[in-house]
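Next comes protein_35.cif, with mmCIF, C-alpha atoms and all ligand atoms.
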data_work
#
loop_
_atom_site.label_atom_id
_atom_site.label_comp_id
_atom_site.auth_asym_id
_atom_site.auth_seq_id
_atom_site.Cartn_x
_atom_site.Cartn_y
_atom_site.Cartn_z
CA MET A 222 -2.21 16.65 27.13
CA VAL A 223 -0.45 15.46 30.29
CA MET A 224 -0.82 11.87 31.51
CA ARG A 225 0.22 10.73 34.96
CA THR A 226 1.76 7.22 35.23
CA ASN A 227 3.93 5.94 38.05
CA GLN A 228 4.32 9.44 39.40
CA ILE A 229 5.99 10.60 36.21
CA ASN A 230 4.45 13.29 34.11
CA ILE A 231 4.47 12.41 30.46
CA VAL A 232 3.67 15.08 27.96
CA LEU A 233 1.67 13.61 25.13
CA HIS A 234 1.65 15.43 21.87
CA ASP A 235 1.67 14.48 18.23
CA THR A 236 5.12 14.45 16.78
CA HIS A 237 5.42 14.36 13.07
CA LEU A 238 8.04 11.83 12.07
CA ASN A 239 9.62 12.08 8.70
CA GLN A 240 8.36 8.99 6.90
CA ALA A 241 11.63 7.65 5.58
CA GLU A 242 14.28 8.97 7.89
CA SER A 243 14.63 8.96 11.63
CA GLU A 244 16.61 11.57 13.54
CA ASN A 245 20.02 10.07 12.84
CA GLY A 246 19.44 10.07 9.10
CA VAL A 247 19.15 6.28 8.78
CA ASP A 248 16.03 4.82 7.24
CA PRO A 249 14.50 2.81 10.11
CA PHE A 250 13.09 0.42 7.53
CA GLU A 251 16.43 -0.20 5.81
CA SER A 252 16.39 -3.84 6.88
CA ILE A 253 13.19 -4.31 4.87
CA ASN A 254 14.85 -2.89 1.76
CA GLN A 255 17.62 -5.40 2.27
CA VAL A 256 15.28 -8.34 2.65
CA MET A 257 13.29 -7.19 -0.39
CA HIS A 258 16.20 -6.18 -2.60
CA GLY A 259 15.62 -9.13 -4.90
CA PHE A 260 12.10 -7.99 -5.79
CA ILE A 261 10.94 -5.45 -8.33
CA GLY A 262 7.94 -3.39 -7.17
CA MET A 263 5.77 -5.07 -4.48
CA ASP A 264 4.93 -1.75 -2.85
CA ASN A 265 1.88 -3.14 -1.01
CA LEU A 266 3.96 -5.84 0.54
CA ARG A 267 6.71 -3.41 1.56
CA GLU A 268 4.11 -1.25 3.31
CA LYS A 269 2.72 -4.26 5.20
CA MET A 270 6.23 -5.25 6.22
CA LYS A 271 6.79 -1.78 7.62
CA GLU A 272 3.61 -2.13 9.68
CA ILE A 273 4.74 -5.47 11.05
CA TYR A 274 8.25 -4.23 11.75
CA ALA A 275 7.09 -1.03 13.44
CA HIS A 276 4.57 -2.88 15.58
CA ILE A 277 7.21 -5.29 16.84
CA GLU A 278 9.73 -2.52 17.42
CA ILE A 279 7.24 -0.47 19.41
CA ASN A 280 6.08 -3.49 21.39
CA LYS A 281 9.69 -4.06 22.42
CA ARG A 282 9.95 -0.45 23.67
CA ARG A 283 6.58 -0.66 25.39
CA LYS A 284 7.62 -3.85 27.16
CA GLU A 285 10.82 -2.19 28.35
CA ALA A 286 8.75 0.72 29.62
CA GLY A 287 6.46 -1.64 31.51
CA LEU A 288 3.48 -0.96 29.27
CA LYS A 289 1.00 -3.51 28.00
CA THR A 290 1.87 -5.21 24.72
CA GLU A 291 -0.18 -7.21 22.34
CA GLN A 292 0.96 -9.86 19.89
CA GLN A 293 -0.86 -9.68 16.61
CA SER A 294 -1.69 -12.66 14.51
CA LEU A 295 0.29 -12.74 11.27
CA HIS A 296 -1.60 -15.33 9.24
CA MET A 297 -1.91 -14.22 5.64
CA LEU A 298 -3.84 -14.65 2.42
CA PHE A 299 -2.06 -14.19 -0.91
CA LYS A 300 -4.27 -13.56 -3.91
CA GLY A 301 -2.62 -13.58 -7.31
CA ASN A 302 -2.17 -15.26 -10.65
CA PRO A 303 0.68 -17.70 -11.31
CA GLY A 304 4.17 -16.23 -11.41
CA THR A 305 3.36 -13.11 -9.43
CA GLY A 306 5.79 -14.05 -6.66
CA LYS A 307 3.56 -15.62 -4.01
CA THR A 308 5.76 -18.60 -3.21
CA THR A 309 8.99 -16.59 -3.35
CA VAL A 310 7.55 -13.95 -1.03
CA ALA A 311 6.37 -16.60 1.45
CA ARG A 312 9.90 -18.03 1.57
CA THR A 313 11.40 -14.57 2.03
CA LEU A 314 8.98 -13.65 4.81
CA ALA A 315 9.62 -16.92 6.64
CA LYS A 316 13.30 -16.04 6.93
CA TRP A 317 12.57 -12.44 7.83
CA PHE A 318 10.29 -13.55 10.67
CA VAL A 319 13.23 -15.38 12.21
CA ASP A 320 15.28 -12.15 12.14
CA LEU A 321 12.38 -10.44 13.88
CA ASN A 322 12.18 -13.20 16.50
CA ILE A 323 8.65 -14.01 15.45
CA LEU A 324 9.49 -17.50 14.28
CA GLU A 325 12.05 -19.87 15.70
CA LYS A 326 13.07 -21.80 12.61
CA GLY A 327 11.70 -20.02 9.54
CA HIS A 328 11.37 -23.14 7.41
CA ILE A 329 8.45 -23.37 5.04
CA ILE A 330 6.21 -26.35 4.51
CA GLU A 331 4.55 -26.08 1.10
CA ALA A 332 1.35 -28.04 0.84
CA ASP A 333 -1.79 -28.39 -1.20
CA ARG A 334 -5.16 -30.05 -0.75
CA THR A 335 -3.83 -33.59 -1.07
CA ASP A 336 -1.47 -33.02 1.87
CA LEU A 337 -4.36 -32.07 4.14
CA VAL A 338 -7.35 -34.06 3.04
CA GLY A 339 -7.66 -37.78 3.63
CA GLU A 340 -9.90 -40.39 2.06
CA TYR A 341 -11.70 -41.61 5.18
CA ILE A 342 -13.49 -39.99 8.06
CA GLY A 343 -11.02 -38.89 10.73
CA GLN A 344 -8.02 -39.07 8.44
CA THR A 345 -8.18 -35.42 7.42
CA ALA A 346 -7.96 -33.94 10.90
CA HIS A 347 -5.00 -36.19 11.60
CA LYS A 348 -3.23 -35.32 8.33
CA THR A 349 -3.80 -31.60 8.82
CA ARG A 350 -2.61 -31.65 12.42
CA SER A 351 0.59 -33.51 11.56
CA LEU A 352 1.29 -31.04 8.75
CA ILE A 353 0.94 -28.17 11.20
CA HIS A 354 3.17 -30.01 13.61
CA ARG A 355 5.89 -30.09 10.94
CA ALA A 356 5.37 -26.39 10.29
CA LEU A 357 5.77 -25.29 13.94
CA GLY A 358 8.43 -22.61 14.18
CA GLY A 359 7.96 -21.81 10.50
CA VAL A 360 5.42 -21.13 7.79
CA LEU A 361 2.72 -23.43 6.48
CA PHE A 362 2.07 -22.34 2.91
CA ILE A 363 -1.01 -23.84 1.30
CA ASP A 364 -1.16 -23.28 -2.43
CA GLU A 365 -4.49 -23.21 -4.25
CA ALA A 366 -6.16 -23.18 -0.87
CA TYR A 367 -9.60 -22.67 -2.42
CA ALA A 368 -9.51 -26.33 -3.45
CA LEU A 369 -10.29 -27.08 0.20
CA ALA A 370 -13.73 -25.51 -0.22
CA TYR A 371 -14.71 -26.87 -3.63
CA GLY A 372 -16.45 -30.00 -2.39
CA GLY A 373 -18.96 -28.18 -0.18
CA ASP A 374 -20.10 -29.13 3.31
CA LYS A 375 -19.82 -32.91 2.97
CA ASP A 376 -16.33 -32.80 1.59
CA PHE A 377 -13.37 -33.56 3.87
CA GLY A 378 -11.87 -30.25 2.75
CA LYS A 379 -14.23 -28.62 5.20
CA GLU A 380 -12.78 -30.74 8.00
CA ALA A 381 -9.30 -29.59 6.95
CA ILE A 382 -10.35 -25.94 7.15
CA ASN A 383 -11.93 -26.42 10.58
CA THR A 384 -8.82 -28.16 11.85
CA LEU A 385 -6.63 -25.38 10.48
CA VAL A 386 -8.73 -22.73 12.18
CA LYS A 387 -8.64 -24.57 15.49
CA GLN A 388 -4.86 -25.05 15.30
CA MET A 389 -4.34 -21.41 14.36
CA GLU A 390 -5.74 -20.57 17.75
CA ASP A 391 -4.07 -23.35 19.73
CA HIS A 392 -0.64 -22.68 18.27
CA HIS A 393 -1.02 -18.93 18.20
CA GLN A 394 2.39 -17.40 17.40
CA SER A 395 4.25 -20.65 16.86
CA PHE A 396 3.55 -20.95 13.16
CA ILE A 397 2.29 -18.68 10.42
CA LEU A 398 -0.29 -19.89 7.97
CA ILE A 399 -0.26 -18.48 4.45
CA LEU A 400 -3.06 -19.46 2.10
CA ALA A 401 -2.47 -18.68 -1.56
CA GLY A 402 -4.44 -18.90 -4.78
CA TYR A 403 -5.91 -17.24 -7.85
CA PRO A 404 -7.77 -14.02 -6.97
CA GLU A 405 -11.22 -15.15 -8.14
CA GLU A 406 -11.01 -18.54 -6.48
CA MET A 407 -9.79 -17.03 -3.24
CA LYS A 408 -12.80 -14.73 -3.21
CA PHE A 409 -15.03 -17.77 -3.61
CA PHE A 410 -13.13 -19.50 -0.84
CA LEU A 411 -13.59 -16.61 1.60
CA ARG A 412 -17.27 -16.35 0.79
CA SER A 413 -17.74 -20.06 1.47
CA ASN A 414 -16.29 -19.59 4.97
CA PRO A 415 -17.46 -16.26 6.37
CA GLY A 416 -15.52 -16.79 9.61
CA LEU A 417 -12.24 -17.00 7.78
CA VAL A 418 -11.57 -13.40 6.76
CA SER A 419 -11.25 -12.15 10.31
CA ARG A 420 -8.56 -14.73 11.04
CA PHE A 421 -6.29 -13.38 8.33
CA PRO A 422 -5.26 -9.82 9.17
CA PHE A 423 -2.99 -9.70 6.12
CA ILE A 424 -4.63 -10.06 2.77
CA LEU A 425 -2.22 -9.26 -0.03
CA ASP A 426 -3.01 -8.79 -3.69
CA PHE A 427 -0.29 -9.86 -6.08
CA GLU A 428 -1.13 -7.93 -9.23
CA ASP A 429 -0.23 -9.07 -12.72
CA TYR A 430 2.94 -7.39 -13.93
CA GLN A 431 3.06 -4.72 -16.62
CA LEU A 432 5.49 -4.96 -19.51
CA SER A 433 7.94 -2.49 -17.93
CA GLU A 434 7.98 -4.44 -14.66
CA LEU A 435 8.51 -7.74 -16.48
CA MET A 436 11.46 -6.19 -18.34
CA GLU A 437 12.94 -4.99 -15.06
CA ILE A 438 12.45 -8.44 -13.56
CA ALA A 439 14.10 -9.99 -16.64
CA LYS A 440 17.13 -7.72 -16.38
CA LYS A 441 17.43 -8.48 -12.70
CA MET A 442 17.24 -12.22 -13.30
CA VAL A 443 19.92 -11.94 -16.00
CA LYS A 444 22.20 -9.83 -13.83
CA ASP A 445 21.79 -12.11 -10.81
CA ARG A 446 22.98 -14.98 -12.96
CA ASP A 447 26.08 -13.03 -14.16
CA TYR A 448 24.80 -12.52 -17.69
CA HIS A 449 24.03 -9.47 -19.78
CA LEU A 450 21.52 -8.99 -22.61
CA THR A 451 22.70 -7.31 -25.80
CA GLU A 452 20.54 -4.41 -26.93
CA LYS A 453 19.04 -6.57 -29.66
CA ALA A 454 18.38 -9.42 -27.25
CA GLU A 455 16.59 -7.03 -24.92
CA LEU A 456 14.40 -5.75 -27.76
CA LYS A 457 13.53 -9.28 -28.81
CA LEU A 458 12.67 -10.24 -25.26
CA ARG A 459 10.46 -7.17 -24.94
CA ARG A 460 8.60 -8.08 -28.13
CA LEU A 461 8.11 -11.66 -26.91
CA ILE A 462 6.66 -10.52 -23.60
CA GLU A 463 4.48 -7.96 -25.36
CA ARG A 464 3.08 -10.61 -27.68
CA GLU A 465 2.41 -12.91 -24.74
CA LEU A 466 0.64 -10.10 -22.85
CA HIS A 467 -1.65 -9.52 -25.83
CA ARG A 468 -2.58 -13.17 -25.98
CA TYR A 469 -3.33 -13.02 -22.29
CA THR A 470 -7.10 -12.57 -22.63
CA THR A 471 -7.49 -15.97 -24.25
CA HIS A 472 -4.56 -17.75 -22.74
CA PRO A 473 -3.23 -17.92 -19.18
CA PHE A 474 -0.11 -15.90 -18.61
CA SER A 475 2.42 -16.87 -15.99
CA ASN A 476 3.92 -13.41 -15.36
CA ALA A 477 7.47 -13.49 -14.00
CA ARG A 478 7.65 -17.25 -14.44
CA PHE A 479 7.18 -16.80 -18.18
CA VAL A 480 10.15 -14.42 -18.15
CA ARG A 481 12.26 -16.77 -16.06
CA ASN A 482 11.59 -19.63 -18.46
CA ILE A 483 12.70 -17.57 -21.47
CA ILE A 484 15.89 -16.54 -19.70
CA GLU A 485 16.74 -20.03 -18.56
CA GLU A 486 16.18 -21.29 -22.08
CA ALA A 487 18.36 -18.49 -23.48
CA ILE A 488 21.14 -19.49 -21.11
CA ARG A 489 20.98 -23.07 -22.34
CA LYS A 490 21.03 -21.91 -25.97
CA GLN A 491 23.98 -19.66 -25.31
CA SER A 492 25.93 -22.61 -23.87
CA ILE A 493 25.35 -24.65 -27.01
CA ARG A 494 26.33 -21.72 -29.23
CA LEU A 495 29.56 -21.12 -27.32
CA VAL A 496 30.53 -24.78 -27.25
CA LYS A 497 29.91 -25.07 -30.99
CA GLU A 498 31.90 -21.91 -31.69
CA ARG A 499 34.50 -22.85 -29.10
CA VAL A 500 34.63 -19.33 -27.72
CA TYR A 501 35.18 -19.08 -24.02
CA GLU A 502 36.28 -15.48 -23.46
CA LEU A 503 34.82 -13.72 -20.48
CA ASN A 504 32.82 -11.18 -22.47
CA LYS A 505 31.31 -13.96 -24.58
CA LEU A 506 30.42 -16.04 -21.54
CA ILE A 507 28.44 -13.09 -20.22
CA LEU A 508 26.51 -12.00 -23.31
CA LEU A 509 23.09 -13.34 -24.23
CA THR A 510 22.43 -12.38 -27.85
CA SER A 511 19.17 -12.14 -29.77
CA ASP A 512 19.88 -15.57 -31.27
CA ASP A 513 19.76 -17.03 -27.78
CA ILE A 514 16.32 -15.56 -27.07
N1 LIG B 1 8.50 -8.74 -8.18
C1 LIG B 1 9.40 -9.66 -8.55
N2 LIG B 1 10.69 -9.32 -8.68
C2 LIG B 1 11.62 -10.23 -9.05
N3 LIG B 1 11.34 -11.51 -9.32
C3 LIG B 1 10.06 -11.92 -9.21
C4 LIG B 1 9.03 -11.02 -8.82
N4 LIG B 1 7.86 -11.70 -8.81
C5 LIG B 1 8.14 -12.96 -9.16
N5 LIG B 1 9.46 -13.11 -9.40
C6 LIG B 1 10.13 -14.36 -9.81
O1 LIG B 1 9.25 -15.07 -10.67
C7 LIG B 1 9.34 -16.46 -10.44
C8 LIG B 1 7.97 -17.03 -10.12
O2 LIG B 1 7.54 -16.59 -8.84
P1 LIG B 1 6.71 -17.52 -7.83
O3 LIG B 1 6.99 -17.04 -6.45
O4 LIG B 1 6.97 -18.96 -8.12
O5 LIG B 1 5.21 -17.14 -8.25
P2 LIG B 1 3.82 -17.78 -7.75
O6 LIG B 1 4.09 -18.58 -6.52
O7 LIG B 1 2.92 -16.62 -7.54
O8 LIG B 1 3.35 -18.64 -8.90
C9 LIG B 1 10.35 -16.65 -9.32
O9 LIG B 1 11.60 -16.95 -9.92
C10 LIG B 1 10.39 -15.30 -8.65
O10 LIG B 1 11.64 -15.06 -8.05
MG MG B 2 3.65 -20.66 -6.32
#
What do you get writing this file as structure tokens?
Amino acid sequence: MVMRTNQINIVLHDTHLNQAESENGVDPFESINQVMHGFIGMDNLREKMKEIYAHIEINKRRKEAGLKTEQQSLHMLFKGNPGTGKTTVARTLAKWFVDLNILEKGHIIEADRTDLVGEYIGQTAHKTRSLIHRALGGVLFIDEAYALAYGGDKDFGKEAINTLVKQMEDHHQSFILILAGYPEEMKFFLRSNPGLVSRFPFILDFEDYQLSELMEIAKKMVKDRDYHLTEKAELKLRRLIERELHRYTTHPFSNARFVRNIIEEAIRKQSIRLVKERVYELNKLILLTSDDI
């Protein structure tokens, strides 16, 4: 097909781009790998980040070419159980958005219901607006956001939601709102406010981790802290996680946070062991043994 713009003939045809590599052999999404290098898995999120990145990149080129551009809204909903990485991802994205020139500051204001909802009429709108004011240039992250809808129509939570929605439009582009919560509760929340879904183009599911992913996360956490698990320690850790996963049906499981807690405890135990034994050699300082787990 041939299109005529500004007296130039442009030949339009479908080119098939290699997914990972551009012409010069460099992955165009390498910067995303860098930003995400601390995370195990998270394929859904990586895909969404590619969409965002590509859209911005193409908008830049379109602007240079004098074509129309459109800024998309980037407000997000994170659905997932505790310890699946919601808060950490929000912090990571906030910084990334600064690199992409989407946000000016990239700070994150973490809030929950009590930070938005007041006790008297009129207080809630004021509280919510001032919270958004603090978040301008960054991310407003509201944890357990469904708590805003629990009280029904007469509850001030409703006023908070309405204020949020209004401000999302007024301050379009100058802050990003991320609402997070347990999957089931978030479903309830969205059902209670049918207008909400359309305002959040990014809905991300943070799945519970499998044993193998939790082990990978554990090894990463250990390595990042300059430690190493002995083979026996690794086996013991695996058995502990396995046992916890089996209890999961009757007992809430906190995913990667559970793993982090074990590792942090192991590090404290190792310190005591080394001080008692008075061994301070490098290889001993690094090793976490099964006794530490
Ligand atoms: N995919 C992952 N890879 C590496 N670390 C992770 C991953 N998911 C979660 N974590 C780690 O687990 C811990 C808990 O994550 P957090 O963001 O607080 O979870 P949530 O906000 O969903 O409760 C953090 O230390 C985080 O870095
Ligand atoms: Mg959290």
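Here atom CA of A:Leu357 is placed at a distance of 15.8 Å from atom CA of A:Met297.
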Inset, instruction - Residues up to 8 Å from ligand LIG 1 (chain B), counting only C-alpha atoms and all ligand atoms: could you list those as a PyMOL selection string? - result: chain A and resi 259-263+301-311+427+434+438-439+441-442+475-481
Inset, instruction - Select all residues near (26.8, -16.7, -15.4) (cut-off 12 Å, inclusive, file coordinates), counting all atoms listed in the file, and output them as a PyMOL selection string. - result: chain A and resi 442-450+484-485+487-489+491-492+503-509
Inset, instruction - Identify which of the residues A:Phe396, A:Lys387, A:Ile382, A:Met270 lies closest to A:Ser413, counting all atoms listed in the file when measuring atom-to-atom distances. - result: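 Of A:Phe396, A:Lys387, A:Ile382, A:Met270, the one nearest A:Ser413, counting all atoms listed in the file, is A:Ile382.
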Legend entry - Atomic distance atom CA of A:His258 - atom CA of A:Tyr403, expressed in Å with one decimal: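 A separation of 25.3 Å between them.
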Inset, instruction - To one decimal in Å, tell me the separation between atom CA of A:Phe423 and atom CA of A:Ala401. - result: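 Taking atom CA of A:Phe423 and atom CA of A:Ala401, their separation equals 11.8 Å.
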Legend entry - Best match for closeness to A:Leu417 among A:Lys281, A:Lys271, A:His296, A:Lys440, counting all atoms listed in the file: A:His296
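The closest residue to ligand MG 2 (chain B), picked from A:Glu365, A:Glu325, A:Glu502, A:Asp320 and counting all atoms listed in the file, is A:Glu365.
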Inset, instruction - With only C-alpha atoms counted, which protein, DNA or RNA residues have an atom no more than 12 Å from (-7.4, -26.9, 13.4) in the file frame? Please answer as number ranges by chain. - result: A: 337, 345-354, 379-393, 398
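Shortest atom-to-atom contact with ligand MG 2 (chain B) among A:Arg420, A:Asn254, A:Gly402, A:Ile397: A:Gly402, counting all atoms listed in the file.
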Inset, instruction - Could you check which of A:Glu272, A:Glu331, A:Asp426, A:Asp264 is closest to ligand MG 2 (chain B), using only C-alpha atoms and all ligand atoms? - result: A:Glu331
Legend entry - From A:Ile514, A:Ser294, A:Glu465, A:Glu455, residue lying nearest A:Ile483 [all atoms listed in the file]: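 Under the stated criterion, the closest residue is A:Ile514.
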Legend entry - For A:Arg355: contacts at 10 Å, all atoms listed in the file, fewer than 5 positions along chain excluded, given as a PyMOL selection string: chain A and resi 328-330+350+360-361+396
Inset, instruction - Do a neighbour search on A:Ser511 at 9 Å with all atoms listed in the file, toss out local chain neighbours closer than 5 positions, and write the hits as an MDAnalysis selection string. - result: chainID A and resid 450:458 487
